[in-house]
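Engineer: For reference, this is coords23.cif, and it has mmCIF, C-alpha atoms and all ligand atoms.
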data_model
#
loop_
_atom_site.label_atom_id
_atom_site.label_comp_id
_atom_site.auth_asym_id
_atom_site.auth_seq_id
_atom_site.Cartn_x
_atom_site.Cartn_y
_atom_site.Cartn_z
CA MET A 28 151.95 96.94 67.85
CA PRO A 29 152.48 98.19 64.35
CA THR A 30 149.25 98.30 62.37
CA ASP A 31 150.92 98.62 58.99
CA ARG A 32 149.90 95.15 57.82
CA ILE A 33 146.22 95.47 58.68
CA LYS A 34 146.22 99.06 57.42
CA ALA A 35 146.99 97.89 53.90
CA ALA A 36 144.25 95.28 54.06
CA LEU A 37 141.68 97.74 55.41
CA LEU A 38 142.57 100.38 52.81
CA SER A 39 142.09 97.82 50.11
CA GLU A 40 138.68 96.83 51.57
CA LEU A 41 137.66 100.50 51.60
CA GLU A 42 138.85 100.84 48.01
CA GLU A 43 136.71 97.87 47.06
CA LEU A 44 133.62 99.54 48.62
CA GLU A 45 134.49 102.66 46.64
CA GLN A 46 134.78 100.68 43.41
CA ARG A 47 131.42 99.01 44.02
CA GLY A 48 129.88 102.44 44.62
CA VAL A 49 128.68 101.49 48.12
CA ARG A 50 131.14 103.44 50.26
CA LYS A 51 129.24 105.81 52.52
CA ALA A 52 129.91 109.53 52.07
CA PRO A 53 131.36 111.46 55.03
CA GLU A 54 128.70 112.42 57.55
CA ARG A 55 127.18 115.88 57.57
CA VAL A 56 127.40 117.51 60.98
CA VAL A 57 124.47 119.44 62.46
CA VAL A 58 125.76 122.42 64.43
CA GLY A 59 122.66 124.49 65.05
CA TYR A 60 118.87 124.45 65.39
CA LEU A 61 116.59 127.30 64.37
CA PRO A 62 113.11 127.01 65.92
CA ALA A 63 109.98 127.39 63.80
CA ARG A 64 108.96 130.96 63.04
CA GLU A 65 106.73 132.98 60.72
CA GLY A 66 104.94 130.06 59.09
CA ARG A 67 108.19 128.21 58.62
CA GLY A 68 109.09 124.96 60.40
CA PRO A 69 112.40 124.33 62.18
CA ARG A 70 115.68 124.62 60.28
CA PHE A 71 119.15 123.21 60.92
CA LEU A 72 122.66 124.56 60.42
CA LEU A 73 125.40 122.30 59.10
CA ALA A 74 129.16 122.43 59.59
CA GLY A 75 130.86 124.13 56.67
CA GLN A 76 127.60 125.65 55.38
CA GLY A 77 127.73 128.95 57.28
CA ASP A 78 124.33 130.33 58.21
CA LYS A 79 122.48 128.59 55.38
CA PRO A 80 119.35 127.03 56.96
CA PHE A 81 118.40 123.45 56.01
CA LEU A 82 114.96 121.91 56.05
CA LYS A 83 115.03 118.29 57.18
CA MET A 84 112.92 116.03 54.99
CA ASN A 85 114.78 112.94 56.17
CA SER A 86 114.12 112.76 59.88
CA ASN A 87 112.39 109.93 61.73
CA GLY A 88 111.08 112.54 64.15
CA TYR A 89 107.58 112.36 62.68
CA LEU A 90 105.97 114.44 65.44
CA GLY A 91 108.75 117.00 65.83
CA LEU A 92 109.13 116.16 69.53
CA ALA A 93 112.93 115.97 69.86
CA GLN A 94 113.27 119.68 70.63
CA ASP A 95 110.08 119.93 72.68
CA PRO A 96 110.84 121.86 75.90
CA ARG A 97 108.88 119.32 77.97
CA LEU A 98 111.16 116.46 76.87
CA ILE A 99 114.23 118.59 77.49
CA GLU A 100 112.92 119.56 80.91
CA ALA A 101 112.16 115.93 81.79
CA GLU A 102 115.65 114.84 80.74
CA ASP A 103 117.16 117.67 82.73
CA THR A 104 115.10 116.98 85.88
CA ALA A 105 115.97 113.27 86.02
CA SER A 106 119.63 113.94 85.25
CA ARG A 107 119.89 116.50 88.05
CA GLU A 108 118.18 114.12 90.42
CA LEU A 109 119.96 110.85 89.60
CA GLY A 110 122.88 111.73 87.34
CA VAL A 111 123.41 111.29 83.62
CA ASN A 112 124.37 107.63 83.80
CA PRO A 113 122.64 104.63 85.41
CA GLY A 114 125.95 103.49 86.93
CA ALA A 115 125.67 99.87 85.80
CA VAL A 116 123.45 97.42 83.99
CA ARG A 117 119.87 96.87 85.09
CA PHE A 118 120.69 93.85 87.27
CA ILE A 119 123.42 95.72 89.13
CA ASP A 120 121.24 98.49 90.51
CA GLY A 121 121.11 100.35 87.21
CA THR A 122 117.30 100.37 87.30
CA THR A 123 115.81 103.71 88.30
CA LYS A 124 112.21 104.70 88.90
CA TYR A 125 112.23 106.31 85.46
CA HIS A 126 113.13 103.04 83.73
CA GLN A 127 110.49 101.18 85.68
CA ARG A 128 107.80 103.80 85.09
CA LEU A 129 108.57 103.97 81.37
CA GLU A 130 108.19 100.19 81.07
CA GLU A 131 104.83 100.27 82.84
CA ARG A 132 103.56 103.10 80.64
CA LEU A 133 104.80 101.52 77.40
CA ALA A 134 103.10 98.23 78.28
CA ALA A 135 99.85 100.09 79.01
CA PHE A 136 100.16 102.13 75.78
CA HIS A 137 100.36 98.94 73.72
CA GLY A 138 97.75 97.09 75.80
CA CYS A 139 100.37 94.51 76.81
CA GLU A 140 101.10 92.94 80.19
CA ALA A 141 104.71 94.06 80.37
CA ALA A 142 107.56 95.79 78.55
CA LYS A 143 111.36 96.05 78.79
CA ILE A 144 113.46 98.89 77.51
CA PHE A 145 116.75 98.48 75.68
CA SER A 146 119.34 101.02 74.60
CA CYS A 147 117.71 101.06 71.12
CA ALA A 148 115.38 99.01 68.94
CA TYR A 149 118.32 97.29 67.27
CA MET A 150 119.29 95.88 70.67
CA ALA A 151 115.66 95.05 71.44
CA ASN A 152 115.38 92.91 68.30
CA LEU A 153 118.63 91.21 69.10
CA GLY A 154 117.54 90.57 72.68
CA VAL A 155 114.16 89.15 71.71
CA ALA A 156 115.69 86.81 69.14
CA ILE A 157 118.28 85.53 71.62
CA ALA A 158 115.66 85.07 74.32
CA LEU A 159 113.01 83.30 72.26
CA CYS A 160 114.92 81.18 69.77
CA ASN A 161 116.15 77.72 70.66
CA LYS A 162 117.30 74.74 68.61
CA SER A 163 113.79 73.70 67.73
CA THR A 164 112.61 77.15 66.71
CA TYR A 165 111.79 77.90 63.10
CA VAL A 166 111.73 81.57 62.13
CA ILE A 167 109.88 83.01 59.15
CA SER A 168 110.70 86.57 58.01
CA ASP A 169 109.58 89.07 55.40
CA GLU A 170 112.30 89.36 52.73
CA LEU A 171 112.56 93.12 53.32
CA ASN A 172 112.95 92.99 57.10
CA HIS A 173 115.23 95.54 58.72
CA ASN A 174 118.89 94.69 59.10
CA SER A 175 118.49 94.43 62.90
CA ILE A 176 116.11 91.46 62.50
CA VAL A 177 118.25 89.74 59.89
CA ARG A 178 121.34 90.11 62.08
CA ALA A 179 119.45 89.19 65.22
CA LEU A 180 118.46 85.83 63.78
CA ARG A 181 122.06 85.13 62.79
CA ILE A 182 123.42 86.15 66.17
CA ALA A 183 120.71 84.16 67.97
CA GLY A 184 122.09 81.13 66.11
CA VAL A 185 118.97 80.17 64.18
CA PRO A 186 120.37 77.64 61.68
CA GLY A 187 119.79 78.23 57.96
CA GLU A 188 117.56 75.16 57.68
CA ASN A 189 115.29 76.62 60.38
CA LYS A 190 114.61 79.82 58.47
CA GLY A 191 111.93 80.68 55.96
CA ILE A 192 111.64 83.91 54.02
CA PHE A 193 108.40 85.07 52.45
CA LYS A 194 108.04 87.55 49.62
CA HIS A 195 107.47 91.08 50.83
CA ASN A 196 103.97 91.45 52.34
CA ASP A 197 102.84 88.32 50.46
CA VAL A 198 100.58 86.34 52.79
CA ALA A 199 100.16 83.43 50.34
CA ASP A 200 103.94 83.04 50.37
CA LEU A 201 103.97 83.26 54.17
CA GLU A 202 101.40 80.43 54.21
CA ARG A 203 103.66 78.41 51.91
CA CYS A 204 106.53 78.94 54.39
CA LEU A 205 104.33 78.00 57.35
CA ASP A 206 103.22 74.81 55.63
CA ALA A 207 106.83 73.91 54.82
CA VAL A 208 107.96 73.94 58.47
CA PRO A 209 109.48 70.49 59.05
CA ALA A 210 108.07 68.00 61.53
CA GLY A 211 109.73 68.11 64.93
CA ILE A 212 109.79 71.89 65.14
CA GLN A 213 108.25 72.97 68.43
CA ARG A 214 108.12 76.74 68.08
CA VAL A 215 107.50 78.91 65.05
CA ILE A 216 108.18 82.64 65.06
CA VAL A 217 106.92 84.92 62.30
CA ILE A 218 108.78 88.22 62.45
CA PHE A 219 108.38 91.28 60.27
CA ASP A 220 108.62 95.06 60.17
CA GLY A 221 105.36 96.93 60.80
CA VAL A 222 106.37 99.75 58.46
CA PHE A 223 109.05 99.10 55.86
CA SER A 224 111.29 102.11 56.11
CA MET A 225 112.57 102.06 52.53
CA ARG A 226 109.04 102.00 51.13
CA GLY A 227 106.60 103.42 53.69
CA ASP A 228 104.20 100.49 53.20
CA TYR A 229 103.02 98.34 56.08
CA ALA A 230 102.54 94.68 56.90
CA PRO A 231 99.06 93.17 56.30
CA LEU A 232 98.82 92.35 59.98
CA ARG A 233 95.29 91.03 59.96
CA GLU A 234 95.98 88.46 57.24
CA ILE A 235 99.35 87.52 58.74
CA VAL A 236 97.84 86.90 62.18
CA ALA A 237 94.99 84.87 60.63
CA ALA A 238 97.45 82.69 58.70
CA CYS A 239 99.48 82.09 61.87
CA LYS A 240 96.44 81.34 64.03
CA MET A 241 95.24 78.70 61.55
CA ARG A 242 98.48 76.76 62.05
CA HIS A 243 99.01 77.52 65.72
CA ARG A 244 97.97 74.09 67.00
CA ARG A 245 100.41 72.21 64.78
CA PHE A 246 103.36 73.16 66.99
CA ARG A 247 104.04 72.50 70.67
CA ASP A 248 104.62 76.20 71.41
CA GLY A 249 102.39 77.46 68.63
CA VAL A 250 103.15 80.24 66.16
CA LEU A 251 104.36 83.50 67.69
CA THR A 252 104.06 86.79 65.80
CA ILE A 253 106.60 89.57 66.38
CA VAL A 254 106.23 92.97 64.74
CA ASP A 255 109.01 95.56 64.77
CA ASP A 256 106.95 98.74 64.61
CA SER A 257 109.83 101.19 64.98
CA HIS A 258 108.51 103.47 62.23
CA GLY A 259 104.86 102.89 63.10
CA THR A 260 104.56 103.54 66.82
CA ALA A 261 103.52 107.11 67.61
CA ALA A 262 103.82 107.97 63.92
CA TYR A 263 100.52 106.79 62.50
CA GLY A 264 97.15 105.35 63.41
CA PRO A 265 94.66 107.80 64.95
CA THR A 266 96.06 107.25 68.48
CA GLY A 267 99.65 106.46 67.48
CA ARG A 268 99.38 102.73 68.15
CA GLY A 269 101.01 102.23 64.78
CA THR A 270 100.58 99.28 62.45
CA PRO A 271 98.22 97.24 64.68
CA GLU A 272 95.88 100.21 64.73
CA VAL A 273 96.19 101.02 61.02
CA ALA A 274 95.86 97.38 59.96
CA GLY A 275 92.97 96.74 62.36
CA GLU A 276 94.65 93.83 64.14
CA SER A 277 95.92 94.12 67.69
CA ASP A 278 96.37 90.40 68.34
CA VAL A 279 100.10 90.35 67.68
CA ASP A 280 102.14 88.58 70.36
CA VAL A 281 105.25 90.75 70.64
CA ILE A 282 105.93 94.36 69.63
CA THR A 283 109.43 95.74 69.37
CA SER A 284 109.83 99.44 68.79
CA THR A 285 111.93 102.51 69.38
CA LEU A 286 111.67 105.69 71.40
CA GLY A 287 114.19 107.22 69.01
CA LYS A 288 111.91 108.02 66.06
CA ALA A 289 108.39 109.47 66.39
CA PHE A 290 108.72 109.68 70.18
CA GLY A 291 111.72 111.97 69.70
CA ALA A 292 113.54 110.45 72.69
CA GLU A 293 115.99 107.58 73.01
CA GLY A 294 115.92 103.83 73.56
CA GLY A 295 114.14 100.77 72.25
CA TYR A 296 111.73 98.33 73.85
CA VAL A 297 109.80 95.11 73.64
CA ALA A 298 106.21 94.67 74.83
CA GLY A 299 104.30 91.42 75.26
CA THR A 300 102.95 88.97 77.82
CA ALA A 301 104.46 88.79 81.32
CA GLU A 302 106.22 85.46 80.58
CA ILE A 303 107.70 86.67 77.30
CA ILE A 304 109.07 89.80 78.94
CA GLU A 305 110.43 87.83 81.90
CA ILE A 306 112.26 85.41 79.56
CA VAL A 307 113.65 88.44 77.73
CA ARG A 308 114.83 89.86 81.06
CA GLN A 309 116.49 86.56 81.96
CA ARG A 310 118.05 85.70 78.62
CA ALA A 311 118.54 88.73 76.40
CA ASP A 312 122.25 89.54 76.45
CA THR A 313 121.56 93.00 75.08
CA TYR A 314 119.48 93.65 78.19
CA ILE A 315 121.66 91.84 80.73
CA TYR A 316 125.19 92.83 79.75
CA THR A 317 124.82 96.45 78.74
CA ASN A 318 123.74 99.70 80.38
CA PRO A 319 120.20 100.91 79.87
CA VAL A 320 119.54 104.43 78.61
CA SER A 321 120.20 107.17 81.17
CA PRO A 322 117.53 108.13 83.74
CA GLY A 323 117.19 111.40 81.82
CA ALA A 324 116.52 109.63 78.53
CA ALA A 325 113.95 107.39 80.25
CA ASN A 326 112.19 110.43 81.70
CA ALA A 327 112.25 112.15 78.30
CA GLY A 328 110.60 108.99 76.93
CA LEU A 329 107.95 109.27 79.63
CA ALA A 330 107.31 112.92 78.80
CA SER A 331 107.00 112.05 75.13
CA LEU A 332 104.65 109.17 75.78
CA ALA A 333 102.41 111.45 77.86
CA ILE A 334 102.23 113.92 74.95
CA VAL A 335 101.67 111.25 72.30
CA ASP A 336 98.87 109.68 74.34
CA SER A 337 96.95 112.95 74.74
CA ASP A 338 94.67 115.10 72.60
CA GLU A 339 97.70 117.18 71.70
CA GLY A 340 99.61 114.10 70.54
CA ARG A 341 96.68 112.84 68.51
CA GLY A 342 96.55 116.32 66.96
CA LYS A 343 100.21 116.02 65.98
CA ILE A 344 99.60 112.57 64.49
CA ALA A 345 96.69 113.99 62.49
CA ALA A 346 98.93 116.87 61.37
CA VAL A 347 101.70 114.61 60.07
CA LYS A 348 99.09 112.48 58.31
CA ALA A 349 97.67 115.58 56.62
CA ASN A 350 101.20 116.68 55.66
CA ALA A 351 101.94 113.25 54.17
CA GLU A 352 98.72 113.33 52.14
CA TYR A 353 99.44 116.85 50.92
CA PHE A 354 103.01 116.01 49.91
CA ARG A 355 102.08 112.69 48.34
CA SER A 356 99.38 114.27 46.22
CA GLY A 357 101.67 117.19 45.28
CA ILE A 358 104.55 114.98 44.21
CA GLU A 359 102.24 112.76 42.16
CA THR A 360 100.76 115.82 40.48
CA LEU A 361 104.30 116.76 39.46
CA GLY A 362 104.48 113.41 37.66
CA PHE A 363 106.68 111.54 40.13
CA GLU A 364 106.04 107.92 41.02
CA THR A 365 105.47 106.87 44.65
CA ILE A 366 104.51 103.69 46.48
CA PRO A 367 100.90 103.89 47.71
CA GLY A 368 100.71 104.30 51.46
CA VAL A 369 99.39 106.22 54.44
CA HIS A 370 102.61 106.54 56.42
CA PRO A 371 104.69 109.77 56.62
CA ILE A 372 107.46 108.05 54.65
CA VAL A 373 106.88 109.00 51.01
CA PRO A 374 109.31 107.29 48.64
CA VAL A 375 109.81 109.21 45.41
CA LEU A 376 110.82 106.51 42.94
CA ILE A 377 113.45 107.73 40.48
CA ARG A 378 114.69 104.29 39.34
CA ASP A 379 118.15 105.51 38.40
CA THR A 380 121.20 105.85 40.68
CA ALA A 381 122.83 108.78 38.90
CA ARG A 382 119.56 110.75 38.84
CA VAL A 383 118.93 110.06 42.52
CA ARG A 384 122.39 111.36 43.38
CA ALA A 385 122.04 114.43 41.20
CA MET A 386 118.61 115.26 42.58
CA VAL A 387 119.62 114.79 46.23
CA LYS A 388 122.56 117.11 45.54
CA ALA A 389 120.28 119.69 43.92
CA LEU A 390 117.84 119.50 46.85
CA PHE A 391 120.78 120.07 49.19
CA GLU A 392 121.81 123.14 47.22
CA HIS A 393 118.26 124.41 47.73
CA GLY A 394 118.58 123.85 51.50
CA ILE A 395 116.62 120.59 51.63
CA LEU A 396 117.96 117.45 53.31
CA ALA A 397 116.62 114.28 51.68
CA THR A 398 117.93 110.73 51.52
CA GLY A 399 118.82 108.90 48.34
CA LEU A 400 118.34 105.14 48.52
CA THR A 401 120.33 103.19 45.98
CA PHE A 402 121.55 99.60 45.62
CA PRO A 403 122.25 97.64 47.85
CA VAL A 404 119.92 99.43 50.27
CA VAL A 405 117.09 98.98 47.74
CA PRO A 406 116.99 96.56 44.79
CA VAL A 407 118.41 97.75 41.45
CA GLY A 408 115.62 99.61 39.63
CA ASP A 409 113.98 100.81 42.87
CA GLU A 410 116.33 103.78 43.41
CA THR A 411 114.42 106.29 45.48
CA ILE A 412 114.52 109.67 47.16
CA ARG A 413 112.95 109.04 50.53
CA ILE A 414 110.96 111.94 51.97
CA GLN A 415 109.81 111.81 55.58
CA LEU A 416 107.13 114.19 56.73
CA SER A 417 106.81 115.69 60.17
CA ALA A 418 104.05 117.39 62.11
CA ALA A 419 106.53 120.29 62.47
CA HIS A 420 106.59 120.94 58.70
CA THR A 421 104.37 123.81 57.61
CA ARG A 422 102.44 124.04 54.36
CA ALA A 423 104.97 126.68 53.24
CA ASP A 424 107.78 124.16 53.85
CA LEU A 425 106.02 121.50 51.80
CA ASP A 426 105.20 123.93 48.99
CA TYR A 427 108.86 124.91 48.88
CA VAL A 428 109.99 121.27 48.66
CA LEU A 429 107.41 120.47 45.98
CA GLU A 430 108.33 123.57 44.00
CA THR A 431 112.00 122.55 44.22
CA PHE A 432 111.22 119.01 43.04
CA GLY A 433 109.36 120.53 40.09
CA ARG A 434 112.29 122.78 39.28
CA ILE A 435 115.01 120.10 39.43
CA LYS A 436 112.98 117.39 37.72
C1 LIG A 501 112.40 98.62 61.39
C2 LIG A 501 113.50 99.16 62.24
N1 LIG A 501 113.89 98.50 63.32
C3 LIG A 501 114.86 98.96 64.12
C4 LIG A 501 115.53 100.13 63.84
C5 LIG A 501 116.62 100.60 64.75
O1 LIG A 501 116.11 101.58 65.64
P1 LIG A 501 117.05 102.16 66.77
O2 LIG A 501 117.70 103.37 66.20
O3 LIG A 501 116.18 102.46 67.95
O4 LIG A 501 118.04 101.10 67.07
C6 LIG A 501 115.16 100.86 62.72
C7 LIG A 501 115.86 102.14 62.41
O5 LIG A 501 116.44 102.35 61.42
C8 LIG A 501 114.14 100.37 61.88
O6 LIG A 501 113.78 101.03 60.78
#
Kindly transcribe the structure held in the file into structure tokens.
Structural biologist:
Amino acid sequence: MPTDRIKAALLSELEELEQRGVRKAPERVVVGYLPAREGRGPRFLLAGQGDKPFLKMNSNGYLGLAQDPRLIEAEDTASRELGVNPGAVRFIDGTTKYHQRLEERLAAFHGCEAAKIFSCAYMANLGVAIALCNKSTYVISDELNHNSIVRALRIAGVPGENKGIFKHNDVADLERCLDAVPAGIQRVIVIFDGVFSMRGDYAPLREIVAACKMRHRRFRDGVLTIVDDSHGTAAYGPTGRGTPEVAGESDVDVITSTLGKAFGAEGGYVAGTAEIIEIVRQRADTYIYTNPVSPGAANAGLASLAIVDSDEGRGKIAAVKANAEYFRSGIETLGFETIPGVHPIVPVLIRDTARVRAMVKALFEHGILATGLTFPVVPVGDETIRIQLSAAHTRADLDYVLETFGRIK
């Protein structure tokens, strides 16, 4: 079939993105990894940049585990034993001992009865929304929730009149939304990010849970809280339990999260009570109709979880926390504005698109990879350079980045 007619339409849509300044730049391609040496953390080589080493200040790998030999070994062992592909979806004998073991360990890690893994957290959010929402469900979300939650609610078919949105981290506004739920609604779900990845701040879990508990009895199925702690799990909290640990509130009903950030592995998951997880298993299309991660990826997840939940892992979490504090204080001393927080995401607020672009380019020229966040990813006026710290960064790395920020200011 000729594609000439659609080609013209698509080119014009791309042109429109260009005009609006929201067309994504071509992707940079990582072609090499240089392990840490001589007081310097790992570096990366990029296509077209020769042997110039780059320092990643924009990775979700908060503990630096993705290149850990134990994860690589685990992936290799399971792949050699069972192959690199599960062969089919979970229900059609695609479940291996590694998938099952990982689910048991994740549930135990979060103190939950059960867990299910998905190919990624995006799919986990989608699956949970599909499984738990019905026609008499009312869903209340933080206005800055991740795209996967926003989309999930649309795809799950939650009608517009059954949705409430509260101002970011504003519990009084959440209470207003809860009190506005119409009569006849049987189930209320309050869903929010644990850590907001554009800002590095976290949900006031204790106050949110208290507000929900107060209204629980008004609804046949009560008020269910779901936290997507993709940036929190394994990244912060003394034992890596993420936002529930940092906020001092573990009584959240459902946790969705990823193995693809601080854990340095692959996949997403949901943890909760046995009935919630069984309904997810029965109803979540993104669990039922799609392959799980490979046995190797599941075993890498297991290896990572064992490290995270050990003295060594807690040491890494303490190290990334110390790095975040050091960088945050250094960048503020240089006169830059940040959003207060304790998470290894440190947003450097520039509040100007052109300056963000110029500074990200200058950092790149100095061998530093950082991410510029501009509208529509963040509201106009909140343009930011997002820095993400890792336990693998050394003090020399951070001093170099701070010195460079000072120079290009
Ligand atoms: C809050 C949140 N949820 C979900 C995701 C998606 O994670 P995954 O890459 O595992 O799909 C992200 C990643 O950007 C995120 O920040």
Engineer: To box range 135-149 of chain A, take all atoms listed in the file, fit an axis-aligned box, add 3 Å on each side, and give centre and edge lengths in Å to one decimal, as JSON.
Structural biologist:
{"center_x": 108.5, "center_y": 97.5, "center_z": 73.8, "size_x": 27.6, "size_y": 15.2, "size_z": 19.1}
Engineer: Go ahead and compute the interatomic distance for CA of Ala141 in chain A and CA of Ile304 in chain A, in Å to one decimal.
Structural biologist: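 Separation between CA of Ala141 in chain A and CA of Ile304 in chain A: 6.3 Å.
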Engineer: Can you tell me which residues come within 7 Å of ligand LIG 501 (chain A) when counting all atoms listed in the file, ideally as a list in words?
Structural biologist: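 Those within range of ligand LIG 501 (chain A) are Cys147, Ala148, Tyr149, Met150, His173, Ser175, Asp220, Val222, Phe223, Ser224, Asp255, Asp256, Ser257, His258, Ser284, Thr285, Leu286, Gly287, Gly294 and Gly295 of chain A.
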Engineer: Can you write out the residues you just picked, keeping C-alpha atoms, as a PDB file, in the frame of the given file?
Structural biologist:
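Output saved as selection_21.pdb:
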ATOM      1  CA  CYS A 147     117.710 101.060  71.120  1.00  0.00           C
ATOM      2  CA  ALA A 148     115.380  99.010  68.940  1.00  0.00           C
ATOM      3  CA  TYR A 149     118.320  97.290  67.270  1.00  0.00           C
ATOM      4  CA  MET A 150     119.290  95.880  70.670  1.00  0.00           C
ATOM      5  CA  HIS A 173     115.230  95.540  58.720  1.00  0.00           C
ATOM      6  CA  SER A 175     118.490  94.430  62.900  1.00  0.00           C
ATOM      7  CA  ASP A 220     108.620  95.060  60.170  1.00  0.00           C
ATOM      8  CA  VAL A 222     106.370  99.750  58.460  1.00  0.00           C
ATOM      9  CA  PHE A 223     109.050  99.100  55.860  1.00  0.00           C
ATOM     10  CA  SER A 224     111.290 102.110  56.110  1.00  0.00           C
ATOM     11  CA  ASP A 255     109.010  95.560  64.770  1.00  0.00           C
ATOM     12  CA  ASP A 256     106.950  98.740  64.610  1.00  0.00           C
ATOM     13  CA  SER A 257     109.830 101.190  64.980  1.00  0.00           C
ATOM     14  CA  HIS A 258     108.510 103.470  62.230  1.00  0.00           C
ATOM     15  CA  SER A 284     109.830  99.440  68.790  1.00  0.00           C
ATOM     16  CA  THR A 285     111.930 102.510  69.380  1.00  0.00           C
ATOM     17  CA  LEU A 286     111.670 105.690  71.400  1.00  0.00           C
ATOM     18  CA  GLY A 287     114.190 107.220  69.010  1.00  0.00           C
ATOM     19  CA  GLY A 294     115.920 103.830  73.560  1.00  0.00           C
ATOM     20  CA  GLY A 295     114.140 100.770  72.250  1.00  0.00           C
TER      21      GLY A 295
END
Engineer: Under the rule that only C-alpha atoms are counted, which of A:Asp280, A:Thr122, A:Asp31, A:Glu359 is the nearest residue to Ala298 in chain A?
Structural biologist: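 So, comparing all the options, the nearest one is A:Asp280.
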Engineer: For the point (117.8, 108.4, 44.1) in file coordinates, what residues are within 10 Å, counting only C-alpha atoms? Give the answer as a VMD selection string?
Structural biologist: chain A and resid 374 to 387 397 to 402 409 to 413
Engineer: Name the closest residue to Asn326 in chain A among the candidates A:Lys51, A:Lys34, A:Lys83, A:Lys124; distances are taken between atoms, counting all atoms listed in the file.
Structural biologist: A:Lys124
Engineer: Would you please work out which residue, of A:Glu130, A:Arg434, A:Gly88, A:Val407, is nearest to Lys288 in chain A when using only C-alpha atoms?
Structural biologist: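 Closest residue, counting only C-alpha atoms: A:Gly88.
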